[in-house]
Amino acid sequence: MIQRENFRKEADRILDWVDGYFGRLRELPVKSSVKPRDIYDKLPSEAPLQGEDMERILQDLDTIILPGVTHWQHPSFHAYFPANSSYESLFGEMITAAIGAQCMVWETSPAAAELEQRMTEWVADAIGLPKTFTGVIQDSASSATLAAILTAREKATQFRSNLDGVPRGLRVYCSSEAHSSVEKGVGVAGIGRNNLVRIETDAEQRMIPEQLEKALQDDIAAGLTPVCVVAAIGTTGTVALDPLPEIAAICQKYNVWLHVDAAFAGTALLLPEYRYMIEGMELVDSFVFNPHKWMFTNFDCSLYYIKDPESLVRTFDILPEYLKTATRGLVNDYRDWGIPLGRRFRALKLWFVLRGFGLEGVRRRLREQIALNEYFAEKISRSGRFTLLRKPFLGFTLFRVNDDDDSASERLLAAVNASGKAYLSHTKVNGRYAIRFHSTQTYIQKEDIDRTVETLHQF
């Protein structure tokens with residue numbers, strides 16, 4: 001057990017390790033190549049009886065743990081969507097861990113609650129949200145979407161579902177390209193996954209509003225109750241933009257809750273030239289995006305905005321005697337704004353990022369990464385070996401090998417990822433295999449793009 005008098009010496013070891021890690025990231029294989037149970041079998045079957053020194057622990061970190069780590073901060077990590085960190089965010093996270101506060105209500109850490117409130121206001125203003133929205137920090141977009149579905153369910157049932165159980169016949173709608181968290185949320189909410197209606201998409205993988213309206217009409221005629229529509233601003237597979245103004249007008253017409261999932265693409269709203277993506281937002285009920293994806297803030301930090309926070313609180317509020325405080329009603333007790341009672345001090349790292357970068361610093365880096373994506377797309381399209389499946393958008397490119405057989409793209413992706421030189425992921429577009437690429441790592445540079453292009457041509 002480390003004593004106070006030894007803390008600085010041991011902390012220096014940790015800081016040296018972290019600094020060395022960032023320094024050698026480009027030399028490490030992006031994706032771990034260990035086999036199942038490789039790490040598990042190297043770990044002792046029982047915990048040590050006596051404490052071990054930090055030097056020994058760090059040795060095992062390097063020899064046992066690090067080989068099983070896929071390096072999400074590697075500048076050649078182009079898979080999925082990013083989970084970006086930054087030095088500023090890391091510093092905030094370190095202080096958060098040192099403070100170790102449980103921020104369930106205002107009185108358990110007033111600064112956490114009030115900083116969270118102010119940070120959600122800063123970001124709402126910076127991305128151009130209407131003033132009618134109020135924000136809270138959730139752990140992920142999945143939790144935020146579940147909160148939206150639950151709140152919509154309660155409003156649709158006059159807040160009886162939490163008391164009496166979920167009635168049959170409730171319906172939720174999203175496109176066939178929506179994130180899997182919508183389906184999971186509908187199941188967890190007790191509505192039932194079979195009551196999630198998948199709306200067809202057009203050639204650009206965008207929800208077709210006319211199909212949405214028809215589905216609503218058909219369900220209402222059948223005696224079912226539409227509860228919530230989930231639209232996407234940047235789908236996971238192709239970063240498609242559902243036509244928000246048309247969808248919002250339909251939801252208004254039928255009095256259905258509209259939730260917008262902008263988990264990745266929402267960060268681009270910091271750039272005025274991309275604000276068109278949320279035209280119609282004044283008619284939306286709730287909205288989420290993740291600073292922990294593309295805003296250089298450590299996972300987890302998801303900003304959830306809602307037009308009617310009272311309905312959110314009413315959905316989740318339970319007040320046992322041990323949580324009663326004299327300040328209730330005067331402040332935001334954020335344990336009432338989501339699923340868990342326990343809450344981390346997530347606002348601190350966001351505060352560090354916004355102050356350390358400044359809004360213009362964040363915007364400059366976003367524009368640089370968008371330009372790097374366009375550079376990547378141009379290089380692979382000029383080669384003649386690849387076909388772009390969409391015009392490069394934000395920091396995202398979708399492409400495939402010029403071959404009628406999907407296996408060519410699949411083999412290429414497997415070889416690239418196994419090489420450790422780059423890591424990309426895939427999706428399917430109209431049933432065809434496609435490779436996904438993003439250029440949105442915090443410290444990515446042009447030479448990293450060149451290295452990935454070179455790797456693609458090696459296989």
# chains A, B, ... in the order shown; residues from 1 in each chain; ligands from 1
call {"tool": "select_by_dssp", "arguments": {"residues": "segment 239-375 of chain A", "states": "helix (DSSP H, G or I)", "output": "ChimeraX atom specification"}}
result
/A:244-254,265-270,272-278,281-283,291-294,309-316,321-323,334-337,347-357,359-375
call {"tool": "residues_around", "arguments": {"residues": "segment 355-363 of chain A", "least_positions_apart": "5", "cutoff": "8 Å", "atoms": "only C-alpha atoms", "output": "PyMOL selection string"}}
result
chain A and resi 88+126+270-271+295
call {"tool": "write_last_selection", "arguments": {"atoms": "C-alpha atoms", "output": "mmCIF file, in the first residue's frame"}}
result
data_model
loop_
_atom_site.group_PDB
_atom_site.id
_atom_site.type_symbol
_atom_site.label_atom_id
_atom_site.label_comp_id
_atom_site.auth_asym_id
_atom_site.auth_seq_id
_atom_site.Cartn_x
_atom_site.Cartn_y
_atom_site.Cartn_z
ATOM 1 C CA GLU A 88 -6.019 18.257 -21.542
ATOM 2 C CA ALA A 126 -21.358 26.563 -29.261
ATOM 3 C CA LEU A 270 -19.208 23.330 -33.614
ATOM 4 C CA LEU A 271 -18.434 24.340 -37.210
ATOM 5 C CA MET A 295 -14.299 16.318 -29.217
#
call {"tool": "residues_around", "arguments": {"residues": "Asp300 of chain A", "least_positions_apart": "6", "cutoff": "7 Å", "atoms": "only C-alpha atoms", "output": "number ranges by chain"}}
result
A: 139-140, 292
call {"tool": "closest_atom_pairs", "arguments": {"of": "segment 244-324 of chain A", "to": "segment 225-235 of chain A", "cutoff": "7 Å", "atoms": "only C-alpha atoms", "output": "CSV"}}
result
residue,atom,partner,partner_atom,distance
A:Val256,CA,A:Cys228,CA,5.5
A:Trp257,CA,A:Cys228,CA,4.6
A:Leu258,CA,A:Val229,CA,4.9
A:His259,CA,A:Val230,CA,4.8
A:Val260,CA,A:Ala231,CA,4.9
A:Asp261,CA,A:Ala232,CA,4.8
A:Ala262,CA,A:Ile233,CA,4.6
A:Phe264,CA,A:Gly234,CA,6.7
A:Ala265,CA,A:Gly234,CA,5.3
A:Met277,CA,A:Ile233,CA,7.0
call {"tool": "closest_residue", "arguments": {"among": "A:Tyr305, A:Lys184, A:Asn255, A:Lys31", "to": "Leu216 of chain A", "atoms": "only C-alpha atoms"}}
result
A:Asn255
call {"tool": "residues_around", "arguments": {"residues": "segment 60-77 of chain A", "least_positions_apart": "2", "cutoff": "8 Å", "atoms": "only C-alpha atoms", "output": "JSON, numbers by chain"}}
result
{"A": [25, 26, 29, 30, 31, 32, 33, 34, 39, 42, 43, 56, 57, 58, 79, 82, 83, 84, 85, 421, 422, 423, 424, 441, 442, 443, 444, 445, 448, 449, 452]}
call {"tool": "closest_residue", "arguments": {"among": "A:Gln369, A:Ala156, A:Leu330, A:Gly420", "to": "Leu28 of chain A", "atoms": "only C-alpha atoms"}}
result
A:Gly420
call {"tool": "closest_residue", "arguments": {"among": "A:Glu55, A:Asp218, A:Glu183, A:Glu447", "to": "Tyr375 of chain A", "atoms": "only C-alpha atoms"}}
result
A:Glu447
call {"tool": "closest_residue", "arguments": {"among": "A:Ser311, A:Gln217, A:Thr267, A:Asn373", "to": "Phe393 of chain A", "atoms": "only C-alpha atoms"}}
result
A:Asn373
call {"tool": "residues_around", "arguments": {"residues": "Asp19 of chain A", "least_positions_apart": "6", "cutoff": "12 Å", "atoms": "only C-alpha atoms", "output": "list of chain:residue names"}}
result
A:Asp12, A:Arg13, A:Leu25, A:Tyr87, A:Leu90
call {"tool": "write_last_selection", "arguments": {"atoms": "N, CA, C and O atoms", "output": "mmCIF file, in the first residue's frame"}}
result
data_model
loop_
_atom_site.group_PDB
_atom_site.id
_atom_site.type_symbol
_atom_site.label_atom_id
_atom_site.label_comp_id
_atom_site.auth_asym_id
_atom_site.auth_seq_id
_atom_site.Cartn_x
_atom_site.Cartn_y
_atom_site.Cartn_z
ATOM 1 N N ASP A 12 5.586 9.652 -10.161
ATOM 2 C CA ASP A 12 6.551 9.926 -11.228
ATOM 3 C C ASP A 12 6.742 8.710 -12.122
ATOM 4 O O ASP A 12 6.908 8.837 -13.339
ATOM 5 N N ARG A 13 6.713 7.523 -11.535
ATOM 6 C CA ARG A 13 6.820 6.295 -12.343
ATOM 7 C C ARG A 13 5.642 6.210 -13.332
ATOM 8 O O ARG A 13 5.814 5.866 -14.505
ATOM 9 N N LEU A 25 3.553 5.308 -29.274
ATOM 10 C CA LEU A 25 2.300 4.811 -29.835
ATOM 11 C C LEU A 25 2.445 4.391 -31.292
ATOM 12 O O LEU A 25 1.945 3.347 -31.710
ATOM 13 N N TYR A 87 -4.317 15.427 -24.099
ATOM 14 C CA TYR A 87 -3.565 15.696 -22.879
ATOM 15 C C TYR A 87 -4.419 16.487 -21.888
ATOM 16 O O TYR A 87 -4.413 16.219 -20.682
ATOM 17 N N LEU A 90 -6.928 14.170 -20.337
ATOM 18 C CA LEU A 90 -6.232 13.252 -19.430
ATOM 19 C C LEU A 90 -5.949 13.922 -18.089
ATOM 20 O O LEU A 90 -6.152 13.330 -17.026
#
call {"tool": "closest_residue", "arguments": {"among": "A:Thr132, A:Phe345, A:Ile137, A:Leu224", "to": "Ile306 of chain A", "atoms": "only C-alpha atoms"}}
result
A:Thr132
call {"tool": "closest_residue", "arguments": {"among": "A:Cys251, A:Ala203, A:Ile278, A:Val188", "to": "Thr238 of chain A", "atoms": "only C-alpha atoms"}}
result
A:Ala203
call {"tool": "atom_distance", "arguments": {"atom1": "atom CA of Asp202 of chain A", "atom2": "atom CA of Arg432 of chain A"}}
result
15.5 Å
